[in-house]
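Here's final_36.cif, which has mmCIF, C-alpha atoms:
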data_model
loop_
_atom_site.label_atom_id
_atom_site.label_comp_id
_atom_site.auth_asym_id
_atom_site.auth_seq_id
_atom_site.Cartn_x
_atom_site.Cartn_y
_atom_site.Cartn_z
CA MET A 1378 15.36 -40.59 -45.58
CA LYS A 1379 13.29 -38.49 -47.96
CA LYS A 1380 10.07 -39.78 -46.35
CA ASN A 1381 11.35 -38.89 -42.89
CA ARG A 1382 12.31 -35.37 -44.02
CA LEU A 1383 8.86 -34.80 -45.51
CA LEU A 1384 7.24 -36.07 -42.31
CA PHE A 1385 9.42 -33.71 -40.23
CA ILE A 1386 8.48 -30.71 -42.42
CA ALA A 1387 4.82 -31.63 -42.16
CA ILE A 1388 5.05 -31.73 -38.34
CA LEU A 1389 6.75 -28.32 -38.30
CA LEU A 1390 4.02 -26.81 -40.46
CA MET A 1391 1.27 -28.29 -38.29
CA THR A 1392 2.98 -26.96 -35.13
CA ALA A 1393 3.27 -23.49 -36.66
CA LEU A 1394 -0.41 -23.55 -37.61
CA VAL A 1395 -1.41 -24.60 -34.11
CA LEU A 1396 0.74 -21.84 -32.51
CA THR A 1397 -0.63 -19.21 -34.91
CA SER A 1398 -4.15 -20.38 -34.19
CA CYS A 1399 -3.53 -20.16 -30.43
CA THR A 1400 -2.02 -16.69 -30.73
CA ASN A 1401 -4.91 -15.44 -32.86
CA HIS A 1402 -7.34 -17.05 -30.46
CA LYS A 1403 -5.75 -15.23 -27.50
CA ILE A 1404 -5.87 -11.89 -29.36
CA GLN A 1405 -9.54 -12.53 -30.19
CA GLU A 1406 -10.21 -13.47 -26.55
CA THR A 1407 -8.62 -10.22 -25.34
CA THR A 1408 -10.59 -8.19 -27.88
CA ILE A 1409 -13.84 -9.94 -26.93
CA ALA A 1410 -13.05 -9.50 -23.23
CA LEU A 1411 -12.58 -5.79 -23.71
CA LYS A 1412 -15.81 -5.54 -25.69
CA GLN A 1413 -17.72 -7.60 -23.18
CA GLY A 1414 -16.21 -5.77 -20.22
CA ASN A 1415 -14.32 -8.77 -18.80
CA VAL A 1416 -11.23 -6.53 -18.66
CA LYS A 1417 -12.59 -3.88 -16.37
CA PRO A 1418 -11.97 -0.30 -17.49
CA PHE A 1419 -10.03 1.72 -14.94
CA THR A 1420 -8.50 5.16 -14.64
CA LEU A 1421 -5.39 6.91 -13.39
CA SER A 1422 -5.56 10.57 -12.42
CA LEU A 1423 -2.53 12.62 -13.47
CA ARG A 1424 -1.96 16.19 -12.34
CA HIS A 1425 0.56 18.25 -14.28
CA THR A 1426 1.63 21.89 -14.33
CA GLN A 1427 2.15 22.38 -18.08
CA ILE A 1428 -0.59 24.99 -18.49
CA LYS A 1429 1.30 28.04 -19.76
CA GLU A 1430 1.73 29.17 -23.34
CA THR A 1431 5.47 28.54 -22.95
CA THR A 1432 4.96 24.89 -21.94
CA LYS A 1433 2.80 23.77 -24.88
CA ARG A 1434 5.52 21.54 -26.28
CA ARG A 1435 6.12 19.96 -22.89
CA LEU A 1436 2.39 19.26 -22.59
CA LYS A 1437 2.42 17.63 -26.04
CA MET A 1438 5.22 15.31 -24.90
CA LEU A 1439 3.21 14.35 -21.83
CA GLU A 1440 0.12 13.73 -23.95
CA ASP A 1441 2.15 11.47 -26.25
CA VAL A 1442 3.37 9.47 -23.25
CA VAL A 1443 -0.19 9.20 -21.94
CA ALA A 1444 -1.46 7.96 -25.32
CA ALA A 1445 1.32 5.35 -25.53
CA THR A 1446 0.61 4.17 -21.98
CA GLU A 1447 -3.13 3.85 -22.62
CA LYS A 1448 -2.43 1.90 -25.80
CA ALA A 1449 -0.17 -0.54 -23.96
CA VAL A 1450 -2.50 -1.14 -20.99
CA PRO A 1451 -5.94 -2.69 -21.78
CA GLY A 1452 -8.85 -0.80 -20.24
CA LEU A 1453 -6.77 2.16 -19.04
CA THR A 1454 -7.83 5.80 -19.26
CA ILE A 1455 -5.56 8.52 -17.85
CA ASP A 1456 -7.38 11.66 -16.73
CA LEU A 1457 -5.19 14.75 -17.10
CA GLU A 1458 -5.59 17.74 -14.82
CA GLY A 1459 -3.58 20.90 -15.49
CA ILE A 1460 -2.99 23.31 -12.61
CA ASP A 1461 -0.74 26.24 -11.64
CA GLU A 1462 2.49 24.91 -10.14
CA ASN A 1463 2.34 27.10 -7.02
CA ILE A 1464 -1.28 26.17 -6.28
CA ASN A 1465 -0.40 22.51 -6.76
CA ARG A 1466 2.65 22.60 -4.52
CA ASP A 1467 1.65 25.00 -1.77
CA GLU A 1468 -2.09 24.39 -1.49
CA LYS A 1469 -3.74 21.37 -3.13
CA LEU A 1470 -1.05 18.71 -2.85
CA ARG A 1471 -0.20 19.46 0.77
CA ALA A 1472 -3.87 19.39 1.77
CA GLU A 1473 -4.42 16.12 -0.12
CA MET A 1474 -1.42 14.52 1.56
CA VAL A 1475 -2.86 15.30 4.99
CA VAL A 1476 -5.99 13.26 4.28
CA GLY A 1477 -4.28 10.75 1.98
CA ASN A 1478 -6.10 11.35 -1.31
CA PRO A 1479 -3.63 12.81 -3.82
CA PRO A 1480 -3.96 12.05 -7.54
CA GLN A 1481 -2.43 8.74 -8.60
CA ILE A 1482 0.34 10.57 -10.51
CA PHE A 1483 1.28 14.16 -9.73
CA ASP A 1484 3.88 16.84 -10.28
CA MET A 1485 6.10 16.90 -7.18
CA PHE A 1486 9.31 18.46 -5.92
CA GLY A 1487 12.00 16.42 -4.25
CA GLY A 1488 13.77 17.22 -1.01
CA LYS A 1489 12.88 17.62 2.64
CA ALA A 1490 10.01 20.03 2.20
CA ASP A 1491 8.07 17.83 -0.24
CA ALA A 1492 9.07 14.29 -1.23
CA PHE A 1493 10.71 13.33 2.09
CA ALA A 1494 7.82 14.72 4.13
CA PHE A 1495 5.24 12.88 2.01
CA ALA A 1496 7.26 9.66 2.10
CA LYS A 1497 7.53 9.79 5.91
CA ALA A 1498 3.74 10.16 6.02
CA GLN A 1499 3.53 6.96 3.89
CA ARG A 1500 1.71 8.76 1.07
CA LEU A 1501 4.16 7.89 -1.74
CA LEU A 1502 4.63 4.67 -3.68
CA ASP A 1503 8.04 3.01 -3.25
CA LEU A 1504 9.31 2.89 -6.83
CA THR A 1505 12.47 0.89 -6.09
CA PRO A 1506 11.15 -2.52 -7.26
CA ILE A 1507 9.58 -1.00 -10.39
CA LEU A 1508 12.84 0.68 -11.42
CA LYS A 1509 14.76 -2.56 -10.85
CA GLU A 1510 12.25 -4.50 -12.92
CA LEU A 1511 12.55 -1.97 -15.76
CA GLY A 1512 16.33 -1.93 -15.41
CA ILE A 1513 16.62 1.86 -15.16
CA GLN A 1514 17.49 2.39 -11.48
CA ASN A 1515 21.09 3.33 -12.39
CA LYS A 1516 20.28 5.44 -15.44
CA PHE A 1517 19.38 8.65 -13.58
CA VAL A 1518 21.94 11.38 -13.03
CA ASP A 1519 20.84 12.04 -9.44
CA LEU A 1520 17.96 10.58 -7.43
CA SER A 1521 19.11 11.90 -4.05
CA GLU A 1522 16.22 14.35 -3.65
CA PHE A 1523 13.73 11.49 -4.03
CA THR A 1524 15.59 8.80 -2.09
CA LEU A 1525 14.86 8.26 1.60
CA ASP A 1526 16.31 5.39 3.65
CA GLY A 1527 17.46 3.69 0.45
CA LYS A 1528 14.02 3.75 -1.18
CA ILE A 1529 13.04 5.84 -4.22
CA TYR A 1530 9.78 7.78 -3.88
CA GLY A 1531 9.72 9.92 -7.02
CA LEU A 1532 11.44 10.53 -10.35
CA PRO A 1533 12.85 13.83 -11.60
CA MET A 1534 11.69 14.70 -15.09
CA ALA A 1535 14.61 17.02 -15.68
CA GLY A 1536 17.55 18.72 -14.07
CA TYR A 1537 17.87 22.45 -13.72
CA VAL A 1538 20.44 25.12 -13.10
CA GLU A 1539 19.89 28.78 -12.31
CA GLY A 1540 22.07 31.62 -13.49
CA VAL A 1541 22.26 34.69 -15.67
CA TYR A 1542 20.94 34.80 -19.22
CA TYR A 1543 22.53 37.64 -21.16
CA ASN A 1544 22.12 39.34 -24.52
CA LYS A 1545 25.34 38.88 -26.47
CA ALA A 1546 24.55 41.71 -28.86
CA ILE A 1547 24.00 44.15 -25.98
CA PHE A 1548 27.21 43.01 -24.27
CA ALA A 1549 29.08 43.63 -27.53
CA GLU A 1550 27.48 47.07 -27.82
CA LEU A 1551 28.53 47.90 -24.26
CA GLY A 1552 32.01 46.52 -24.84
CA VAL A 1553 31.86 44.15 -21.86
CA GLN A 1554 32.60 40.48 -21.22
CA ILE A 1555 31.00 37.88 -18.96
CA PRO A 1556 31.67 39.14 -15.40
CA LYS A 1557 33.86 37.05 -13.12
CA THR A 1558 33.38 39.23 -10.03
CA TYR A 1559 30.43 41.07 -8.50
CA GLU A 1560 32.19 44.39 -9.14
CA GLU A 1561 32.34 43.57 -12.86
CA PHE A 1562 28.64 42.65 -12.73
CA LEU A 1563 27.80 46.06 -11.24
CA TYR A 1564 29.95 47.75 -13.90
CA ILE A 1565 27.85 46.11 -16.64
CA CYS A 1566 24.66 47.21 -14.88
CA ASP A 1567 25.95 50.80 -14.77
CA LYS A 1568 26.89 50.82 -18.44
CA ALA A 1569 23.55 49.33 -19.51
CA LYS A 1570 21.55 51.82 -17.48
CA ALA A 1571 23.58 54.73 -18.88
CA LYS A 1572 22.61 53.55 -22.38
CA GLY A 1573 18.91 53.40 -21.49
CA ILE A 1574 18.91 49.59 -21.36
CA THR A 1575 17.38 47.77 -18.39
CA PRO A 1576 20.30 45.98 -16.71
CA ILE A 1577 18.28 43.06 -15.21
CA SER A 1578 14.84 41.94 -16.40
CA LEU A 1579 12.59 41.09 -13.45
CA ALA A 1580 8.86 40.44 -13.04
CA SER A 1581 8.13 40.04 -9.35
CA SER A 1582 4.38 39.75 -8.83
CA ASP A 1583 5.11 36.00 -8.58
CA ALA A 1584 7.37 36.32 -5.55
CA TRP A 1585 9.28 33.06 -6.08
CA VAL A 1586 10.86 34.65 -9.16
CA ILE A 1587 12.69 37.23 -7.04
CA ASN A 1588 14.27 34.63 -4.81
CA MET A 1589 16.13 32.78 -7.54
CA GLN A 1590 18.80 35.49 -7.64
CA MET A 1591 18.50 36.23 -3.91
CA ASN A 1592 19.05 32.55 -3.12
CA THR A 1593 22.27 32.46 -5.12
CA MET A 1594 23.48 35.73 -3.57
CA PHE A 1595 23.12 34.65 0.07
CA VAL A 1596 24.72 31.28 -0.70
CA ARG A 1597 27.58 33.16 -2.37
CA THR A 1598 28.22 35.28 0.74
CA ALA A 1599 27.43 32.71 3.47
CA GLY A 1600 28.26 29.32 1.93
CA VAL A 1601 26.43 26.30 0.50
CA HIS A 1602 25.54 24.82 3.90
CA VAL A 1603 23.83 27.93 5.24
CA GLN A 1604 20.35 26.79 4.14
CA GLU A 1605 20.49 23.57 6.14
CA GLY A 1606 21.89 25.70 8.95
CA PHE A 1607 18.73 27.84 9.07
CA VAL A 1608 16.63 24.74 9.77
CA ALA A 1609 19.16 23.18 12.15
CA GLY A 1610 19.57 26.44 14.07
CA THR A 1611 23.30 26.66 13.40
CA ALA A 1612 22.88 29.68 11.07
CA LYS A 1613 20.63 32.71 11.19
CA TRP A 1614 19.16 34.96 8.52
CA THR A 1615 20.55 37.86 10.55
CA ASP A 1616 24.15 36.60 10.42
CA PRO A 1617 26.50 39.23 8.93
CA ALA A 1618 27.37 37.11 5.87
CA VAL A 1619 23.69 36.53 5.05
CA LEU A 1620 22.70 40.14 5.74
CA ASP A 1621 25.48 41.26 3.39
CA ALA A 1622 23.73 39.60 0.44
CA PHE A 1623 20.39 41.25 1.27
CA ARG A 1624 22.07 44.64 1.56
CA LYS A 1625 23.66 44.14 -1.85
CA TYR A 1626 20.29 43.23 -3.36
CA GLU A 1627 18.78 46.33 -1.77
CA GLU A 1628 21.53 48.35 -3.46
CA LEU A 1629 20.56 46.88 -6.86
CA ILE A 1630 17.00 48.08 -6.23
CA LYS A 1631 18.03 51.58 -5.17
CA LYS A 1632 20.29 51.99 -8.21
CA GLY A 1633 17.36 51.18 -10.51
CA TYR A 1634 18.88 48.09 -12.09
CA PHE A 1635 15.47 46.35 -12.32
CA GLN A 1636 12.72 47.76 -14.54
CA ALA A 1637 10.17 50.07 -12.96
CA GLY A 1638 6.81 48.52 -12.13
CA ASN A 1639 8.14 44.98 -11.89
CA LEU A 1640 5.95 44.25 -8.86
CA GLY A 1641 2.93 44.39 -11.15
CA MET A 1642 4.42 42.08 -13.79
CA LYS A 1643 3.86 38.34 -14.22
CA TYR A 1644 6.70 35.88 -14.78
CA GLU A 1645 6.16 35.65 -18.54
CA GLU A 1646 6.68 39.41 -18.82
CA GLN A 1647 10.21 38.92 -17.51
CA HIS A 1648 10.91 36.80 -20.56
CA ASP A 1649 9.14 39.25 -22.89
CA LYS A 1650 11.31 42.11 -21.68
CA PHE A 1651 14.48 40.11 -22.23
CA ILE A 1652 13.48 38.57 -25.57
CA SER A 1653 12.54 42.00 -26.93
CA GLY A 1654 16.18 43.09 -26.50
CA LYS A 1655 15.30 45.73 -23.90
CA ALA A 1656 17.26 44.14 -21.06
CA ALA A 1657 20.91 43.15 -20.89
CA MET A 1658 20.49 40.29 -18.40
CA MET A 1659 17.91 38.12 -16.65
CA PHE A 1660 18.36 35.74 -13.72
CA ASP A 1661 16.34 32.57 -14.34
CA GLY A 1662 16.37 28.80 -14.41
CA SER A 1663 17.09 26.47 -17.31
CA TRP A 1664 13.36 25.75 -17.62
CA ALA A 1665 13.08 29.21 -19.21
CA ASN A 1666 14.85 27.82 -22.30
CA SER A 1667 11.56 26.82 -23.88
CA ALA A 1668 10.33 30.43 -23.86
CA LEU A 1669 13.65 31.75 -25.11
CA ILE A 1670 14.66 29.29 -27.82
CA ASN A 1671 11.16 29.16 -29.30
CA THR A 1672 10.95 32.92 -29.75
CA LYS A 1673 9.58 34.23 -33.05
CA ASP A 1674 12.78 36.24 -33.44
CA ALA A 1675 15.12 33.58 -34.86
CA LYS A 1676 18.16 35.85 -34.49
CA MET A 1677 17.45 36.40 -30.81
CA GLU A 1678 17.95 32.71 -30.10
CA TYR A 1679 21.59 33.06 -31.15
CA ASP A 1680 22.06 36.29 -29.16
CA ILE A 1681 21.22 34.58 -25.84
CA GLY A 1682 24.03 33.34 -23.63
CA PHE A 1683 24.27 31.99 -20.09
CA PHE A 1684 26.77 32.28 -17.23
CA ASN A 1685 27.01 31.34 -13.58
CA PHE A 1686 26.45 34.29 -11.21
CA PRO A 1687 29.83 35.94 -10.48
CA ASP A 1688 31.87 35.54 -7.31
CA MET A 1689 31.00 37.82 -4.39
CA GLY A 1690 33.99 37.13 -2.16
CA GLY A 1691 32.22 34.63 0.10
CA TYR A 1692 32.29 30.95 1.03
CA GLY A 1693 29.82 30.01 -1.71
CA ASP A 1694 31.71 31.44 -4.66
CA GLY A 1695 31.87 29.19 -7.70
CA PHE A 1696 28.87 26.98 -6.86
CA ILE A 1697 25.70 26.94 -8.94
CA ASN A 1698 22.07 26.53 -7.92
CA GLY A 1699 21.08 23.29 -9.56
CA SER A 1700 19.54 19.93 -8.83
CA TYR A 1701 17.14 17.27 -10.02
CA SER A 1702 14.12 18.16 -7.92
CA ASP A 1703 11.14 18.63 -10.26
CA GLY A 1704 9.40 15.46 -11.30
CA TYR A 1705 6.57 13.05 -10.62
CA GLY A 1706 5.33 11.33 -7.50
CA PHE A 1707 2.92 8.40 -7.32
CA SER A 1708 0.28 7.69 -4.71
CA ALA A 1709 0.87 4.83 -2.29
CA ASN A 1710 -2.85 4.04 -2.47
CA LEU A 1711 -3.01 2.11 -5.77
CA THR A 1712 -4.65 -1.13 -6.85
CA SER A 1713 -2.48 -3.82 -8.45
CA GLN A 1714 -4.01 -2.88 -11.81
CA GLN A 1715 -3.08 0.77 -11.29
CA LYS A 1716 0.47 -0.18 -10.22
CA GLY A 1717 0.87 -2.03 -13.50
CA ALA A 1718 -0.26 1.07 -15.38
CA VAL A 1719 2.16 3.24 -13.37
CA LYS A 1720 4.99 0.92 -14.36
CA GLU A 1721 4.05 1.32 -18.03
CA PHE A 1722 3.83 5.12 -17.62
CA ILE A 1723 7.35 5.19 -16.16
CA LYS A 1724 8.57 2.98 -19.01
CA GLN A 1725 7.10 5.35 -21.61
CA MET A 1726 8.17 8.57 -19.87
CA TYR A 1727 11.65 7.75 -18.62
CA ASN A 1728 13.74 6.62 -21.57
CA GLU A 1729 16.50 8.09 -23.67
CA ASP A 1730 14.22 9.00 -26.60
CA MET A 1731 11.93 11.12 -24.42
CA GLN A 1732 14.82 12.71 -22.54
CA LYS A 1733 16.52 13.56 -25.82
CA ARG A 1734 13.29 14.96 -27.22
CA GLN A 1735 12.79 17.37 -24.33
CA LEU A 1736 16.43 18.42 -24.56
CA VAL A 1737 16.28 19.19 -28.29
CA GLU A 1738 12.77 20.67 -28.45
CA GLU A 1739 12.75 22.55 -25.15
CA GLY A 1740 16.34 22.89 -24.01
CA ILE A 1741 15.46 21.03 -20.78
CA LEU A 1742 18.42 19.38 -19.09
CA PRO A 1743 17.85 15.60 -18.95
CA SER A 1744 17.49 13.76 -15.63
CA MET A 1745 18.79 10.55 -17.20
CA VAL A 1746 22.15 9.84 -18.74
CA ILE A 1747 21.84 10.13 -22.50
CA VAL A 1748 24.45 8.89 -24.93
CA ASP A 1749 23.39 10.77 -28.08
CA LYS A 1750 23.82 14.51 -27.47
CA ARG A 1751 23.46 15.60 -31.09
CA GLY A 1752 21.11 18.50 -31.73
CA MET A 1753 21.78 20.37 -28.48
CA GLY A 1754 21.37 24.12 -28.86
CA GLU A 1755 24.10 26.60 -28.00
CA ILE A 1756 22.32 27.79 -24.86
CA VAL A 1757 22.15 24.23 -23.50
CA THR A 1758 25.84 23.74 -24.28
CA GLU A 1759 26.69 26.90 -22.32
CA MET A 1760 24.56 25.77 -19.36
CA LEU A 1761 26.24 22.39 -19.24
CA ALA A 1762 29.63 24.10 -19.42
CA ALA A 1763 28.72 26.49 -16.58
CA THR A 1764 27.63 23.53 -14.46
CA GLN A 1765 30.70 21.43 -15.26
CA ASN A 1766 33.03 24.37 -14.53
CA SER A 1767 31.36 25.14 -11.19
CA LYS A 1768 32.63 23.91 -7.83
CA GLY A 1769 29.41 21.96 -7.42
CA THR A 1770 25.65 22.42 -7.09
CA PHE A 1771 23.35 23.38 -4.24
CA ALA A 1772 19.60 22.89 -3.92
CA ALA A 1773 17.12 25.76 -3.92
CA TYR A 1774 16.31 27.12 -0.46
CA ASP A 1775 12.60 26.26 -0.76
CA ALA A 1776 13.45 22.56 -0.99
CA ILE A 1777 15.03 22.87 2.46
CA VAL A 1778 13.36 25.50 4.65
CA GLN A 1779 9.83 25.27 6.02
CA LYS A 1780 6.84 26.57 4.05
CA LYS A 1781 6.24 29.47 6.47
CA VAL A 1782 9.84 30.62 6.03
CA LYS A 1783 9.54 30.45 2.24
CA GLU A 1784 6.37 32.55 2.34
CA GLN A 1785 7.94 35.12 4.68
CA LEU A 1786 10.96 35.52 2.40
CA GLU A 1787 8.72 36.00 -0.62
CA LEU A 1788 6.69 38.66 1.19
CA GLY A 1789 9.81 40.34 2.53
CA MET A 1790 11.45 40.55 -0.89
CA GLN A 1791 8.35 42.11 -2.43
CA LEU A 1792 8.34 44.69 0.37
CA LEU A 1793 12.04 45.32 -0.25
CA LEU A 1794 11.44 45.86 -3.96
CA GLY A 1795 8.61 48.26 -3.10
CA GLY A 1796 10.80 50.27 -0.71
CA ARG A 1797 8.61 49.32 2.28
CA THR A 1798 11.29 47.54 4.32
CA THR A 1799 15.07 47.34 4.64
CA ALA A 1800 17.49 44.44 4.47
CA GLU A 1801 17.88 44.55 8.26
CA GLN A 1802 14.15 44.59 8.93
CA LEU A 1803 13.54 41.84 6.39
CA THR A 1804 16.11 39.42 7.83
CA THR A 1805 15.02 40.12 11.42
CA ALA A 1806 11.39 39.31 10.60
CA LEU A 1807 12.51 36.26 8.63
CA GLN A 1808 14.59 34.89 11.51
CA SER A 1809 11.62 35.29 13.84
CA VAL A 1810 9.52 33.07 11.55
CA GLN A 1811 12.43 30.64 11.21
CA ASP A 1812 12.77 30.32 15.00
CA GLN A 1813 9.06 29.57 15.34
CA ALA A 1814 9.15 27.03 12.48
CA ASN A 1815 12.12 25.27 14.07
CA LEU A 1816 10.31 25.03 17.40
CA GLU A 1817 7.24 23.55 15.73
CA LYS A 1818 9.43 20.97 14.02
CA LYS A 1819 10.67 19.76 17.41
#
When written as structure tokens, how does the structure in this file appear?
Amino acid sequence: MKKNRLLFIAILLMTALVLTSCTNHKIQETTIALKQGNVKPFTLSLRHTQIKETTKRRLKMLEDVVAATEKAVPGLTIDLEGIDENINRDEKLRAEMVVGNPPQIFDMFGGKADAFAFAKAQRLLDLTPILKELGIQNKFVDLSEFTLDGKIYGLPMAGYVEGVYYNKAIFAELGVQIPKTYEEFLYICDKAKAKGITPISLASSDAWVINMQMNTMFVRTAGVHVQEGFVAGTAKWTDPAVLDAFRKYEELIKKGYFQAGNLGMKYEEQHDKFISGKAAMMFDGSWANSALINTKDAKMEYDIGFFNFPDMGGYGDGFINGSYSDGYGFSANLTSQQKGAVKEFIKQMYNEDMQKRQLVEEGILPSMVIVDKRGMGEIVTEMLAATQNSKGTFAAYDAIVQKKVKEQLELGMQLLLGGRTTAEQLTTALQSVQDQANLEKK
């Protein structure tokens, strides 16, 4: 019996030595193959929009994901290209999709105007099998803006909501509370202006910034389905309920509730005005958290609050502009080697650790369900509460209407702010462009 036991142990040891030798041999083979070029080096191009001073931390997260992906995939190099988000979306990416040569990975919006259009043109990689293989297809909060005919063509990096940031110290000084109605909102604006405080911080040289608040206002007065109605032809920009919102915005301009000279100010200056304590409120999206919570004024971080835009007495009262539309798309034109690298990139980017990191460091709302919510800042808590207490979310208008319509609204709002048009003239011109865009679609 003792002899048999010793023989058995000896066999086990020999087997272990053989397995270790084989494993080491395979590692050496891989190393030699890389050195000798048997594993061919290859690249993935990745275009991102994290180029601003306020997105440095987000860029660092992306760089960490890139480094981890390169380490896990032999021979891989990921070439990063940073670009302005508007140039990427409105110019470069659309032109590249026409000829079929986008980057392999790229910043992309979901919805009809972007992801669905690109998917119909067969320019996007179907991610459905990759997500199933990784076991994460059911871990996203909402993939509807990237899902067409049951297939997933992109992944949101984060969710967003839009609403009103406010300075709690200024509200206390004015003796006011969070407004529930539009009349209460106007009352706060009046009190702030009387005290020499800018009621609403706005920097409108980047025209898309204006239309965050305008978008919420016309949905408030006309209802959450009005945007789809513009494209379907069942609603018009000149409808009384829509025009009412534009007239109310024109009134805000005439009363001087936005700072003078805002047409010459860049988006970052909107944040600067608010962070400096010179404005009572600012309409913006949750992505602005990174600029606000990382301010040098530590006290200011605790003075910032958030609320959903007040009711205006219309069909869209109580809803909040929010969705999961900003993320990454992947080119359909990939080699099998590149597809494997894309799968590893998704694995490294879309996990609870990374989602939690962006939430804690940047205040960015996660696109995936996370279990551990410790470390959330107060502003994030208030945003989540505003979203949960809303009647529901609606997507931004520019994810629904045609590009020409978006551009006309941006131009019209800048003219309105400059006193060079009226609400009636703006909506009439806008509907004319909408009619033409709808005809072209048919």
Query - Gap from CA of Lys1781 in chain A to CA of Ile1464 in chain A - Å, one decimal - result: 15.2 Å
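Nearest-residue note for Tyr1705 in chain A: choosing from A:Ile1482, A:Val1476, A:Leu1453, A:Leu1629, the minimum distance belongs to A:Ile1482, counting all atoms listed in the file.
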Query raised in the report: What does the PyMOL selection byres ((chain A and resi 1625) around 12) select in this file, as a PyMOL selection string?
Result: chain A and resi 1559-1560+1563+1590-1591+1594-1595+1597-1598+1618-1624+1626-1632+1634+1689+1793+1799-1801
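Distance annotation: of A:Phe1684, A:Phe1707, A:Tyr1542, A:Tyr1564, the residue with the minimal separation from Trp1664 in chain A is A:Tyr1542; atom set is all atoms listed in the file.
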Which polymer residues, protein or nucleic acid, are no farther than 10 Å from (5.8, 40.3, -9.6), counting all atoms listed in the file, as a short mmCIF file (atom, residue, chain, number, x, y, z; two decimals) with C-alpha atoms, in the coordinates of the input?
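Saved result, part_37.cif, follows:
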data_model
loop_
_atom_site.label_atom_id
_atom_site.label_comp_id
_atom_site.auth_asym_id
_atom_site.auth_seq_id
_atom_site.Cartn_x
_atom_site.Cartn_y
_atom_site.Cartn_z
CA LEU A 1579 12.59 41.09 -13.45
CA ALA A 1580 8.86 40.44 -13.04
CA SER A 1581 8.13 40.04 -9.35
CA SER A 1582 4.38 39.75 -8.83
CA ASP A 1583 5.11 36.00 -8.58
CA ALA A 1584 7.37 36.32 -5.55
CA TRP A 1585 9.28 33.06 -6.08
CA VAL A 1586 10.86 34.65 -9.16
CA ILE A 1587 12.69 37.23 -7.04
CA GLY A 1638 6.81 48.52 -12.13
CA ASN A 1639 8.14 44.98 -11.89
CA LEU A 1640 5.95 44.25 -8.86
CA GLY A 1641 2.93 44.39 -11.15
CA MET A 1642 4.42 42.08 -13.79
CA LYS A 1643 3.86 38.34 -14.22
CA TYR A 1644 6.70 35.88 -14.78
CA GLU A 1646 6.68 39.41 -18.82
CA GLN A 1647 10.21 38.92 -17.51
CA GLN A 1791 8.35 42.11 -2.43
CA LEU A 1794 11.44 45.86 -3.96
#
